[in-house]
>>> print(open('entry-v6.pdb').read())   # PDB, C-alpha atoms
ATOM      1  CA  MET A 113     113.503  54.686  46.603
ATOM      2  CA  SER A 114     110.312  56.476  46.707
ATOM      3  CA  SER A 115     109.815  59.959  45.443
ATOM      4  CA  SER A 116     108.849  61.226  48.902
ATOM      5  CA  SER A 117     112.117  60.023  50.378
ATOM      6  CA  ILE A 118     114.011  61.718  47.532
ATOM      7  CA  GLU A 119     112.075  64.915  48.148
ATOM      8  CA  SER A 120     112.785  64.790  51.893
ATOM      9  CA  ASP A 121     116.470  64.148  51.237
ATOM     10  CA  SER A 122     116.652  67.032  48.800
ATOM     11  CA  SER A 123     114.735  69.332  51.154
ATOM     12  CA  ASP A 124     117.078  68.323  54.004
ATOM     13  CA  ASP A 125     120.028  69.039  51.739
ATOM     14  CA  SER A 126     118.643  72.422  50.755
ATOM     15  CA  VAL A 127     117.984  73.316  54.412
ATOM     16  CA  SER A 128     121.492  72.213  55.293
ATOM     17  CA  ILE A 129     122.917  74.235  52.408
ATOM     18  CA  MET A 130     120.882  77.288  53.462
ATOM     19  CA  LYS A 131     122.128  76.959  57.066
ATOM     20  CA  LYS A 132     125.730  76.735  55.881
ATOM     21  CA  PHE A 133     125.198  79.724  53.596
ATOM     22  CA  ASP A 134     123.770  81.736  56.520
ATOM     23  CA  GLU A 135     126.732  80.700  58.684
ATOM     24  CA  LEU A 136     129.112  81.830  55.943
ATOM     25  CA  GLU A 137     127.343  85.182  55.702
ATOM     26  CA  GLU A 138     127.588  85.607  59.482
ATOM     27  CA  THR A 139     131.259  84.639  59.351
ATOM     28  CA  ASP A 140     131.879  87.123  56.522
ATOM     29  CA  SER A 141     130.035  89.823  58.442
ATOM     30  CA  LEU A 142     131.988  88.999  61.586
ATOM     31  CA  MET A 143     135.261  89.017  59.649
ATOM     32  CA  SER A 144     134.526  92.392  58.075
ATOM     33  CA  THR A 145     133.684  93.758  61.538
ATOM     34  CA  LYS A 146     136.953  92.375  62.912
ATOM     35  CA  VAL A 147     138.903  93.863  60.006
ATOM     36  CA  ALA A 148     137.268  97.259  60.555
ATOM     37  CA  LEU A 149     138.053  97.063  64.281
ATOM     38  CA  VAL A 150     141.703  96.171  63.653
ATOM     39  CA  GLN A 151     142.034  99.044  61.168
ATOM     40  CA  THR A 152     140.526 101.480  63.683
ATOM     41  CA  ILE A 153     142.856 100.296  66.444
ATOM     42  CA  ALA A 154     145.865 100.576  64.117
ATOM     43  CA  ALA A 155     144.899 104.150  63.246
ATOM     44  CA  HIS A 156     144.559 105.085  66.928
ATOM     45  CA  VAL A 157     147.867 103.437  67.822
ATOM     46  CA  SER A 158     149.663 105.396  65.106
ATOM     47  CA  ILE A 159     148.108 108.647  66.372
ATOM     48  CA  ILE A 160     149.107 107.881  69.964
ATOM     49  CA  THR A 161     152.624 106.910  68.892
ATOM     50  CA  SER A 162     153.126 110.085  66.877
ATOM     51  CA  THR A 163     151.838 112.176  69.795
ATOM     52  CA  MET A 164     154.294 110.485  72.132
ATOM     53  CA  MET A 165     157.150 111.154  69.700
ATOM     54  CA  VAL A 166     156.259 114.856  69.561
ATOM     55  CA  ASP A 167     156.097 115.021  73.370
ATOM     56  CA  LYS A 168     159.581 113.470  73.635
ATOM     57  CA  LYS A 169     161.038 116.192  71.414
ATOM     58  CA  LYS A 170     159.880 118.952  73.778
ATOM     59  CA  CYS A 171     162.499 120.171  76.212
ATOM     60  CA  PRO A 172     161.773 119.577  79.882
ATOM     61  CA  HIS A 173     160.675 122.580  81.884
ATOM     62  CA  GLY A 174     163.597 123.902  83.841
ATOM     63  CA  GLY A 175     163.654 127.678  83.495
ATOM     64  CA  SER A 176     161.214 130.505  83.936
ATOM     65  CA  LYS A 177     159.731 129.759  80.496
ATOM     66  CA  VAL A 178     158.862 126.361  79.067
ATOM     67  CA  GLY A 179     161.790 124.940  77.124
ATOM     68  CA  ARG A 180     164.412 127.147  78.723
ATOM     69  CA  ARG A 181     166.946 125.687  81.074
ATOM     70  CA  TYR A 182     167.748 127.061  84.513
ATOM     71  CA  ILE A 183     171.201 128.631  84.860
ATOM     72  CA  HIS A 184     172.666 128.083  88.316
ATOM     73  CA  ARG A 185     174.263 131.364  89.360
ATOM     74  CA  ASP A 186     175.455 130.584  92.906
ATOM     75  CA  ARG A 187     173.154 133.228  94.368
ATOM     76  CA  LYS A 188     173.394 132.096  97.977
ATOM     77  CA  GLU A 189     177.169 131.760  97.799
ATOM     78  CA  ARG A 190     177.545 135.199  96.196
ATOM     79  CA  HIS A 191     175.265 136.766  98.807
ATOM     80  CA  GLU A 192     177.379 135.235 101.580
ATOM     81  CA  LEU A 193     180.532 136.469  99.822
ATOM     82  CA  ILE A 194     179.239 140.057  99.718
ATOM     83  CA  ILE A 195     178.224 139.877 103.385
ATOM     84  CA  ASN A 196     181.615 138.446 104.391
ATOM     85  CA  ASN A 197     183.521 140.986 102.291
ATOM     86  CA  TYR A 198     181.750 144.184 103.368
ATOM     87  CA  PHE A 199     179.030 143.840 106.016
ATOM     88  CA  ARG A 200     180.525 141.830 108.927
ATOM     89  CA  GLY A 201     181.880 144.866 110.698
ATOM     90  CA  ASP A 202     185.365 144.223 112.088
ATOM     91  CA  GLN A 203     185.313 140.663 110.705
ATOM     92  CA  SER A 204     184.783 141.846 107.100
ATOM     93  CA  LYS A 205     187.444 141.139 104.510
ATOM     94  CA  TYR A 206     187.484 144.793 103.439
ATOM     95  CA  THR A 207     187.309 147.769 105.764
ATOM     96  CA  SER A 208     184.605 150.430 105.693
ATOM     97  CA  GLU A 209     187.217 152.787 104.199
ATOM     98  CA  HIS A 210     187.710 150.375 101.293
ATOM     99  CA  PHE A 211     183.899 150.218 100.806
ATOM    100  CA  ARG A 212     183.726 154.039 100.767
ATOM    101  CA  ARG A 213     186.515 154.297  98.164
ATOM    102  CA  ARG A 214     185.039 151.584  95.945
ATOM    103  CA  PHE A 215     181.360 152.637  96.063
ATOM    104  CA  ARG A 216     181.851 156.356  96.920
ATOM    105  CA  MET A 217     179.605 156.195  99.992
ATOM    106  CA  ASP A 218     179.729 154.971 103.582
ATOM    107  CA  ILE A 219     178.236 151.595 104.504
ATOM    108  CA  GLU A 220     175.687 153.361 106.733
ATOM    109  CA  LEU A 221     174.459 155.491 103.807
ATOM    110  CA  PHE A 222     174.250 152.408 101.588
ATOM    111  CA  MET A 223     172.217 150.530 104.218
ATOM    112  CA  HIS A 224     169.926 153.565 104.645
ATOM    113  CA  ILE A 225     169.293 153.723 100.862
ATOM    114  CA  LEU A 226     168.738 149.949 100.724
ATOM    115  CA  GLN A 227     166.185 150.084 103.548
ATOM    116  CA  ALA A 228     164.380 153.028 101.915
ATOM    117  CA  ASP A 229     164.208 151.079  98.628
ATOM    118  CA  LYS A 230     162.805 148.014 100.406
ATOM    119  CA  ASN A 231     160.176 150.151 102.118
ATOM    120  CA  TYR A 232     159.270 151.925  98.869
ATOM    121  CA  ASP A 233     158.962 148.915  96.553
ATOM    122  CA  ASP A 234     158.456 145.198  97.133
ATOM    123  CA  TYR A 235     160.789 144.500  94.177
ATOM    124  CA  PHE A 236     163.863 144.907  96.394
ATOM    125  CA  THR A 237     162.859 142.263  98.946
ATOM    126  CA  SER A 238     164.086 138.683  98.705
ATOM    127  CA  LYS A 239     161.536 136.279  97.163
ATOM    128  CA  ILE A 240     161.283 132.868  95.527
ATOM    129  CA  ASP A 241     161.355 132.852  91.706
ATOM    130  CA  VAL A 242     159.213 130.803  89.292
ATOM    131  CA  THR A 243     161.542 127.803  89.425
ATOM    132  CA  GLY A 244     161.366 127.654  93.235
ATOM    133  CA  LYS A 245     164.841 129.088  93.823
ATOM    134  CA  ASP A 246     165.742 132.165  95.880
ATOM    135  CA  ARG A 247     165.909 135.283  93.750
ATOM    136  CA  LEU A 248     168.773 137.729  93.966
ATOM    137  CA  SER A 249     169.341 139.279  97.352
ATOM    138  CA  SER A 250     168.664 142.966  97.786
ATOM    139  CA  LEU A 251     172.402 143.522  98.237
TER     140      LEU A 251
END
>>> encode(input="entry-v6.pdb", output="C-alpha cells")
Amino acid sequence: MSSSSIESDSSDDSVSIMKKFDELEETDSLMSTKVALVQTIAAHVSIITSTMMVDKKKCPHGGSKVGRRYIHRDRKERHELIINNYFRGDQSKYTSEHFRRRFRMDIELFMHILQADKNYDDYFTSKIDVTGKDRLSSL
C-alpha cells in the first residue's frame, strides 16, 4: 500500500468520524430539546389538573349568591292559597268577617293600603329574583 492511499483512508475515516460526531451532537441537542419540551408539558398539565380540581370543589351556583343553594318555598302555591282563602269573594274559604277578626281590618281597607304601597314604592310589586324565579307576591 502506498502512503497516499493510507493517507486518503485515514482522512476518509477522520471525515466519517467527524460526521458521526456531529450527528451525535445534533442528536444530543435534539434529545435535550425534547426533554425540556416534555418537562414543560408535564408542568402545564399539572397546573391545568390542579385548576380543574379546585373548580370541581366549588359549589354550583343555585342561589342569589355564588355557592348558596336555592330554597324552594312554594311561592306560587302559597299565593294561590292566600287568594283562595281570603280574596275570592263568596268563593273564599274564610268570610270577610273572619278576615276582619284575624287581621283587625276589612278586606277593602287592606286592598286600599296594598294599592297605596304599590303606588308609593316599586318594592311591593311582583318581580323576578336573581335566580329567575318569581319573588314573593305583594299579598
>>> atom_distance(input="entry-v6.pdb", atom1="atom CA of His191 of chain A", atom2="atom CA of Tyr232 of chain A")
22.0 Å
>>> closest_residue(input="entry-v6.pdb", among="A:Asn196, A:Asp140, A:Ser250, A:Val150", to="Leu226 of chain A", atoms="all atoms listed in the file")
A:Ser250
>>> atom_distance(input="entry-v6.pdb", atom1="atom CA of Arg200 of chain A", atom2="atom CA of Ile219 of chain A")
11.0 Å
>>> atom_distance(input="entry-v6.pdb", atom1="atom CA of Leu248 of chain A", atom2="atom CA of Ile183 of chain A")
13.1 Å
>>> residues_around(input="entry-v6.pdb", residues="Leu251 of chain A", least_positions_apart="2", cutoff="12 Å", atoms="all atoms listed in the file", output="short mmCIF file (atom, residue, chain, number, x, y, z; two decimals) with C-alpha atoms, in the frame of the given file")
data_model
loop_
_atom_site.label_atom_id
_atom_site.label_comp_id
_atom_site.auth_asym_id
_atom_site.auth_seq_id
_atom_site.Cartn_x
_atom_site.Cartn_y
_atom_site.Cartn_z
CA ARG A 187 173.15 133.23 94.37
CA LYS A 188 173.39 132.10 97.98
CA ARG A 190 177.54 135.20 96.20
CA HIS A 191 175.26 136.77 98.81
CA GLU A 192 177.38 135.24 101.58
CA LEU A 193 180.53 136.47 99.82
CA ILE A 194 179.24 140.06 99.72
CA ILE A 195 178.22 139.88 103.38
CA TYR A 198 181.75 144.18 103.37
CA PHE A 199 179.03 143.84 106.02
CA ILE A 219 178.24 151.60 104.50
CA PHE A 222 174.25 152.41 101.59
CA MET A 223 172.22 150.53 104.22
CA ILE A 225 169.29 153.72 100.86
CA LEU A 226 168.74 149.95 100.72
CA GLN A 227 166.18 150.08 103.55
CA ASP A 229 164.21 151.08 98.63
CA LYS A 230 162.80 148.01 100.41
CA PHE A 236 163.86 144.91 96.39
CA THR A 237 162.86 142.26 98.95
CA SER A 238 164.09 138.68 98.70
CA ARG A 247 165.91 135.28 93.75
CA LEU A 248 168.77 137.73 93.97
CA SER A 249 169.34 139.28 97.35
#
>>> axis_aligned_box(input="entry-v6.pdb", around="segment 177-196 of chain A", padding_each_side="3 Å", output="AutoDock Vina command-line options")
--center_x 170.2 --center_y 132.5 --center_z 90.8 --size_x 28.8 --size_y 21.1 --size_z 33.3
>>> residues_around(input="entry-v6.pdb", residues="Thr207 of chain A", least_positions_apart="5", cutoff="9 Å", atoms="all atoms listed in the file", output="JSON, numbers by chain")
{"A": [197, 198, 201, 202, 212]}
